[in-house]
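Dumped work-v3.cif below, it's mmCIF, C-alpha atoms and all ligand atoms:
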data_run
loop_
_atom_site.label_atom_id
_atom_site.label_comp_id
_atom_site.auth_asym_id
_atom_site.auth_seq_id
_atom_site.Cartn_x
_atom_site.Cartn_y
_atom_site.Cartn_z
CA MET A 1 55.19 98.82 61.29
CA ILE A 2 57.63 96.41 62.89
CA ASP A 3 56.17 94.69 65.94
CA LYS A 4 59.20 94.22 68.20
CA ILE A 5 57.14 92.80 71.06
CA SER A 6 55.92 89.95 68.85
CA SER A 7 59.48 89.39 67.62
CA TRP A 8 60.76 89.27 71.21
CA LYS A 9 58.06 86.77 72.16
CA PHE A 10 58.77 84.70 69.07
CA ALA A 11 62.47 84.55 70.01
CA GLU A 12 61.57 83.43 73.56
CA ASP A 13 59.11 80.79 72.37
CA TYR A 14 61.54 79.52 69.74
CA VAL A 15 63.62 77.93 72.50
CA VAL A 16 62.62 74.60 74.00
CA GLU A 17 64.06 74.51 77.49
CA PRO A 18 65.49 71.10 78.46
CA GLN A 19 63.40 69.39 81.12
CA HIS A 20 66.04 69.56 83.88
CA ILE A 21 66.44 73.32 83.34
CA ALA A 22 62.68 73.87 83.28
CA ALA A 23 62.50 72.05 86.63
CA ALA A 24 65.25 74.31 88.04
CA ARG A 25 63.32 77.34 86.78
CA HIS A 26 60.25 76.11 88.63
CA HIS A 27 62.28 75.85 91.85
CA ALA A 28 63.64 79.37 91.27
CA GLU A 29 60.10 80.70 90.93
CA GLN A 30 59.13 79.02 94.21
CA LEU A 31 62.12 80.75 95.86
CA GLY A 32 61.26 84.09 94.31
CA VAL A 33 64.53 84.25 92.35
CA GLU A 34 64.42 85.76 88.87
CA SER A 35 66.14 83.43 86.41
CA VAL A 36 67.36 84.43 82.96
CA THR A 37 64.65 83.92 80.35
CA GLN A 38 64.84 80.72 78.35
CA ALA A 39 66.02 82.57 75.22
CA THR A 40 68.73 84.28 77.29
CA GLY A 41 69.80 80.93 78.72
CA ASN A 42 69.90 79.47 75.25
CA GLN A 43 72.00 82.40 74.04
CA LEU A 44 74.42 81.87 76.95
CA ALA A 45 74.81 78.26 75.83
CA LEU A 46 75.28 79.28 72.22
CA LEU A 47 77.97 81.82 73.10
CA ALA A 48 79.73 79.32 75.38
CA ALA A 49 79.67 76.79 72.53
CA ILE A 50 80.90 79.21 69.84
CA SER A 51 83.70 80.46 72.07
CA LYS A 52 84.57 76.87 73.08
CA ALA A 53 84.51 78.04 76.70
CA LYS A 54 86.00 75.46 79.05
CA ASN A 55 86.60 77.54 82.17
CA ILE A 56 83.55 79.60 83.05
CA VAL A 57 82.77 81.91 85.95
CA GLU A 58 79.27 83.00 86.91
CA ALA A 59 78.39 85.71 89.43
CA GLY A 60 74.75 85.28 90.50
CA THR A 61 73.94 81.57 90.83
CA GLY A 62 70.34 82.04 91.92
CA ALA A 63 68.74 78.60 91.71
CA GLY A 64 71.10 77.55 88.93
CA VAL A 65 69.08 78.08 85.75
CA SER A 66 71.75 80.09 83.93
CA SER A 67 74.44 77.76 85.33
CA LEU A 68 72.72 74.77 83.75
CA TRP A 69 72.38 76.55 80.42
CA LEU A 70 76.09 77.48 80.46
CA LEU A 71 77.07 73.91 81.32
CA SER A 72 74.86 72.53 78.54
CA ALA A 73 77.20 73.89 75.85
CA SER A 74 79.92 71.30 76.36
CA LYS A 75 80.51 67.97 78.08
CA ASP A 76 83.80 69.01 79.67
CA SER A 77 83.48 72.66 80.64
CA VAL A 78 83.90 73.62 84.30
CA LEU A 79 81.78 76.29 85.97
CA THR A 80 82.62 78.28 89.09
CA THR A 81 79.42 79.92 90.29
CA ILE A 82 79.23 82.56 93.02
CA ASP A 83 76.32 83.92 95.05
CA ASN A 84 76.04 85.65 98.40
CA GLU A 85 72.78 83.84 99.29
CA PRO A 86 73.47 80.33 100.68
CA GLU A 87 69.74 79.53 100.63
CA TYR A 88 69.59 80.03 96.85
CA GLN A 89 72.76 78.04 96.32
CA ASN A 90 71.35 75.12 98.30
CA VAL A 91 68.47 74.95 95.83
CA ALA A 92 70.95 75.33 92.95
CA ARG A 93 73.00 72.41 94.32
CA LYS A 94 69.89 70.20 94.32
CA ASN A 95 69.14 71.28 90.76
CA PHE A 96 72.72 70.44 89.71
CA LEU A 97 72.46 67.03 91.36
CA ALA A 98 69.17 66.31 89.59
CA SER A 99 70.70 67.29 86.25
CA GLU A 100 73.27 64.45 86.58
CA ILE A 101 76.11 66.76 85.54
CA PRO A 102 79.30 65.39 87.15
CA ALA A 103 80.01 67.22 90.41
CA ALA A 104 83.60 67.85 89.30
CA ARG A 105 82.29 70.22 86.65
CA ILE A 106 80.67 72.62 89.13
CA ARG A 107 82.28 74.64 91.90
CA VAL A 108 79.78 76.55 94.05
CA ILE A 109 81.23 79.39 96.14
CA THR A 110 79.25 81.47 98.62
CA GLY A 111 80.27 85.11 98.96
CA LYS A 112 80.23 88.53 97.39
CA ALA A 113 81.32 88.32 93.77
CA LYS A 114 83.99 91.01 94.11
CA ALA A 115 85.67 89.33 97.07
CA VAL A 116 85.54 85.82 95.57
CA MET A 117 86.62 86.84 92.07
CA GLY A 118 89.41 88.94 93.56
CA ASN A 119 90.98 85.70 94.78
CA MET A 120 90.71 83.90 91.44
CA ALA A 121 93.48 83.67 88.84
CA ASP A 122 93.75 86.52 86.35
CA GLY A 123 93.70 85.59 82.67
CA ALA A 124 92.51 82.04 83.37
CA TYR A 125 88.89 82.02 82.22
CA ASP A 126 87.23 81.79 78.80
CA LEU A 127 83.86 83.21 79.80
CA VAL A 128 82.54 85.31 82.68
CA PHE A 129 78.79 85.76 83.11
CA LEU A 130 77.44 88.43 85.47
CA ASP A 131 73.88 88.42 86.81
CA ILE A 132 74.08 90.26 90.14
CA ASP A 133 72.74 93.38 91.82
CA PRO A 134 73.36 96.20 89.30
CA LEU A 135 74.64 98.42 92.11
CA ASP A 136 77.57 96.02 92.62
CA LEU A 137 78.64 96.08 88.98
CA GLU A 138 80.84 99.15 88.95
CA GLU A 139 83.31 97.73 91.45
CA LEU A 140 83.10 94.22 89.99
CA LEU A 141 83.66 94.89 86.28
CA PRO A 142 87.46 95.50 86.33
CA THR A 143 87.95 92.29 88.34
CA ALA A 144 85.65 90.35 86.02
CA VAL A 145 87.53 91.56 82.95
CA SER A 146 90.91 90.73 84.49
CA LEU A 147 89.86 87.08 84.95
CA LEU A 148 89.39 86.66 81.20
CA LYS A 149 91.98 85.26 78.85
CA PRO A 150 92.71 87.41 75.78
CA GLY A 151 89.81 86.71 73.41
CA GLY A 152 87.61 85.75 76.36
CA THR A 153 83.93 86.60 76.59
CA LEU A 154 82.13 88.72 79.17
CA LEU A 155 78.34 88.49 79.32
CA LEU A 156 76.11 90.75 81.39
CA ALA A 157 72.44 89.97 82.04
CA HIS A 158 69.73 92.62 82.36
CA ALA A 159 71.72 94.98 80.15
CA LEU A 160 68.53 96.88 79.24
CA TRP A 161 67.10 96.74 82.80
CA ARG A 162 63.34 96.45 82.19
CA ASP A 163 63.74 98.53 78.99
CA ARG A 164 64.77 101.50 81.13
CA VAL A 165 68.40 101.83 79.98
CA PRO A 166 67.56 103.28 76.53
CA ASN A 167 65.46 106.08 78.07
CA PRO A 168 67.87 108.85 79.20
CA THR A 169 65.22 110.49 81.38
CA LEU A 170 65.20 107.44 83.68
CA ARG A 171 68.04 107.91 86.17
CA ASP A 172 67.32 105.62 89.12
CA ASP A 173 70.42 103.98 90.61
CA GLU A 174 70.01 100.57 88.96
CA THR A 175 69.31 101.97 85.50
CA SER A 176 72.25 104.37 85.79
CA ALA A 177 74.53 101.55 86.96
CA LEU A 178 73.62 99.39 83.97
CA ARG A 179 74.02 102.36 81.60
CA ALA A 180 77.48 103.06 83.04
CA SER A 181 78.43 99.38 82.67
CA LEU A 182 77.49 99.43 78.99
CA ARG A 183 79.49 102.65 78.47
CA ASN A 184 82.60 100.86 79.74
CA PHE A 185 82.75 98.74 76.61
CA GLY A 186 81.00 100.85 73.99
CA ASP A 187 83.98 102.75 72.55
CA GLY A 188 85.63 99.69 71.00
CA ASP A 189 88.85 100.32 72.94
CA GLY A 190 90.16 96.85 73.80
CA PHE A 191 86.77 95.20 73.42
CA ILE A 192 84.20 94.24 70.82
CA ALA A 193 80.80 94.76 72.45
CA SER A 194 77.22 94.29 71.36
CA VAL A 195 73.84 94.43 73.11
CA SER A 196 71.45 91.60 72.34
CA LEU A 197 67.73 92.41 72.80
CA ILE A 198 67.02 88.90 74.04
CA GLY A 199 65.34 88.61 77.46
CA ASP A 200 66.04 91.74 79.50
CA GLY A 201 69.05 92.52 77.29
CA LEU A 202 72.37 90.71 77.20
CA LEU A 203 75.63 92.63 76.86
CA MET A 204 78.17 90.52 74.99
CA VAL A 205 81.81 91.56 75.09
CA ALA A 206 84.91 89.99 73.58
CA LYS A 207 88.19 90.99 75.22
CA ALA A 208 90.87 91.84 72.68
C1 LIG B 1 68.86 87.44 89.14
S1 LIG B 1 69.52 86.36 90.32
C2 LIG B 1 70.53 85.25 89.39
C3 LIG B 1 69.77 84.29 88.56
C4 LIG B 1 70.61 83.24 87.84
N1 LIG B 1 71.71 83.85 87.12
C5 LIG B 1 69.76 82.46 86.89
O1 LIG B 1 69.45 82.98 85.81
O2 LIG B 1 69.40 81.34 87.21
C6 LIG B 1 70.77 87.34 91.04
C7 LIG B 1 71.56 86.62 92.10
O3 LIG B 1 72.72 87.38 92.40
C8 LIG B 1 72.97 87.33 93.78
N2 LIG B 1 73.78 88.52 94.05
C9 LIG B 1 73.41 89.82 93.96
N3 LIG B 1 74.47 90.64 94.16
C10 LIG B 1 75.54 89.81 94.40
C11 LIG B 1 76.92 90.04 94.64
N4 LIG B 1 77.43 91.27 94.70
N5 LIG B 1 77.73 88.97 94.80
C12 LIG B 1 77.23 87.71 94.74
N6 LIG B 1 75.94 87.44 94.49
C13 LIG B 1 75.10 88.48 94.31
C14 LIG B 1 71.60 87.25 94.44
O4 LIG B 1 71.66 86.64 95.69
C15 LIG B 1 70.81 86.45 93.41
O5 LIG B 1 70.81 85.08 93.72
#
Show this structure as structure tokens.
Amino acid sequence: MIDKISSWKFAEDYVVEPQHIAAARHHAEQLGVESVTQATGNQLALLAAISKAKNIVEAGTGAGVSSLWLLSASKDSVLTTIDNEPEYQNVARKNFLASEIPAARIRVITGKAKAVMGNMADGAYDLVFLDIDPLDLEELLPTAVSLLKPGGTLLLAHALWRDRVPNPTLRDDETSALRASLRNFGDGDGFIASVSLIGDGLLMVAKA
């Protein structure tokens, strides 16, 4: 019998979180913000490295844990990170400062992801990472995809939403929103998409 729970835990424990990111995670916990798990963060960094992502957009800054993982993949990538909670972004800013990453590499914008991303340049970004309220995804996804260059990468956190997405009898709004988001990319039409079981699930999409 395969023990997937042990495998999941093994994958989480396999990652050693850099000290500055562990400190940011601690601040996120104090704020009550849910950060990506350390294995998810590590996978974000891996995917940013493999795709040689230089221009990155993140929706859902929180206290900056995922931002720091994304920035860890390269010394010259630039991250634009968006959140509608200024209080969280203030903590994120302190975490960025403490990490000694040059300020020019991070642009922090306060606002709703749809409104902010709607004013950004189409086809200009290598990687877009989404970690926002699932109920806001439906209206955001077309905008997020349009920001990507051809061959760009879209990543969506919480793709399995507390392991609820795979169970078709569970139809609460959040679970249904995540399920619908996954369906957008599942038919292979214009995208290559895969769901990683890491953390709470990570949808990984390459734009053709
Ligand atoms: C799960 S937390 C993000 C955690 C962060 N990605 C990390 O791992 O460190 C989700 C964040 O998204 C923000 N948020 C939710 N819906 C949003 C939206 N539509 N636009 C912008 N920010 C949003 C919340 O304020 C919250 O800080």
If we count all atoms listed in the file and set the cut-off at 12 Å, which residues sit around Ala113 (chain A), ignoring sequence neighbours fewer than 5 positions away in its own chain? Please answer as a PyMOL selection string. chain A and resi 57-61+80-85+108+118-120+128-133+136-141+143-144
Name the closest residue to Gly41 (chain A) among the candidates A:Ser67, A:Ser146, A:Gln19, A:Asn55; distances are taken between atoms, counting all atoms listed in the file.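 Residue with the minimum atom-to-atom distance to Gly41 (chain A): A:Ser67.
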Of A:Val145, A:Ala23, A:Ala73, A:Val91, the one nearest to Leu44 (chain A) when counting all atoms listed in the file is A:Ala73
Pick out the closest residue to Ala45 (chain A) from this set: A:Val205, A:Ala24, A:Ile106, A:Leu127. Count all atoms listed in the file. A:Leu127
Within 9 Å of region 156-173 of chain A, counting only C-alpha atoms, which residues qualify if same-chain residues fewer than 5 places away don't, as a PyMOL selection string? chain A and resi 36+40+128-132+134-135+178-179+181-182+195-197+199-205
Length of the CA of Val16 (chain A) to CA of Tyr125 (chain A) vector [Å]: 28.5 Å
Which residue is closest to ligand LIG 1 (chain B)? Choose from A:Gln30, A:Val65, A:Leu46, A:Ser51 and count only C-alpha atoms and all ligand atoms.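 The shortest atom-to-atom distance to ligand LIG 1 (chain B) comes from A:Val65.
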Can you work out which one of A:Ala63, A:Leu154, A:Leu70, A:Ala206 has the shortest atom-to-atom distance to ligand LIG 1 (chain B), counting only C-alpha atoms and all ligand atoms?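 Of all the options, A:Ala63 lies closest to ligand LIG 1 (chain B).
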Nearby residues (only C-alpha atoms) at most 12 Å from Ser72 (chain A), same-chain spacing under 3 positions excluded, as a PyMOL selection string: chain A and resi 17-18+20-21+41-49+52-54+65-69+75-79+96+99-101+105
Which of A:His27, A:Lys112, A:Lys4, A:Lys149 sits closest to ligand LIG 1 (chain B) [using all atoms listed in the file]: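 Residue with the minimum atom-to-atom distance to ligand LIG 1 (chain B): A:Lys112.
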Which distance in Å separates CA of Met1 (chain A) and CA of Ile198 (chain A), to one decimal? 20.0 Å
Figure out the distance between CA of Arg107 (chain A) and CA of Leu71 (chain A), please, to one decimal in Å.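 Those two atoms sit 11.8 Å apart.
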Select, counting only C-alpha atoms, all protein, DNA and RNA residues no farther than 9 Å from (65.0, 86.0, 97.8) in file coordinates, and express the selection as a list in words.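 Residues satisfying the cut-off, written out: Leu31, Gly32, Val33, Glu34, Gly62, Glu85, Glu87 and Tyr88 of chain A.
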Would you write out those residues with C-alpha atoms, as a PDB file, keeping the file's coordinate frame?
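Below is the file out_17.pdb, written as the result:
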ATOM      1  CA  LEU A  31      62.120  80.750  95.860  1.00  0.00           C
ATOM      2  CA  GLY A  32      61.260  84.090  94.310  1.00  0.00           C
ATOM      3  CA  VAL A  33      64.530  84.250  92.350  1.00  0.00           C
ATOM      4  CA  GLU A  34      64.420  85.760  88.870  1.00  0.00           C
ATOM      5  CA  GLY A  62      70.340  82.040  91.920  1.00  0.00           C
ATOM      6  CA  GLU A  85      72.780  83.840  99.290  1.00  0.00           C
ATOM      7  CA  GLU A  87      69.740  79.530 100.630  1.00  0.00           C
ATOM      8  CA  TYR A  88      69.590  80.030  96.850  1.00  0.00           C
TER       9      TYR A  88
END
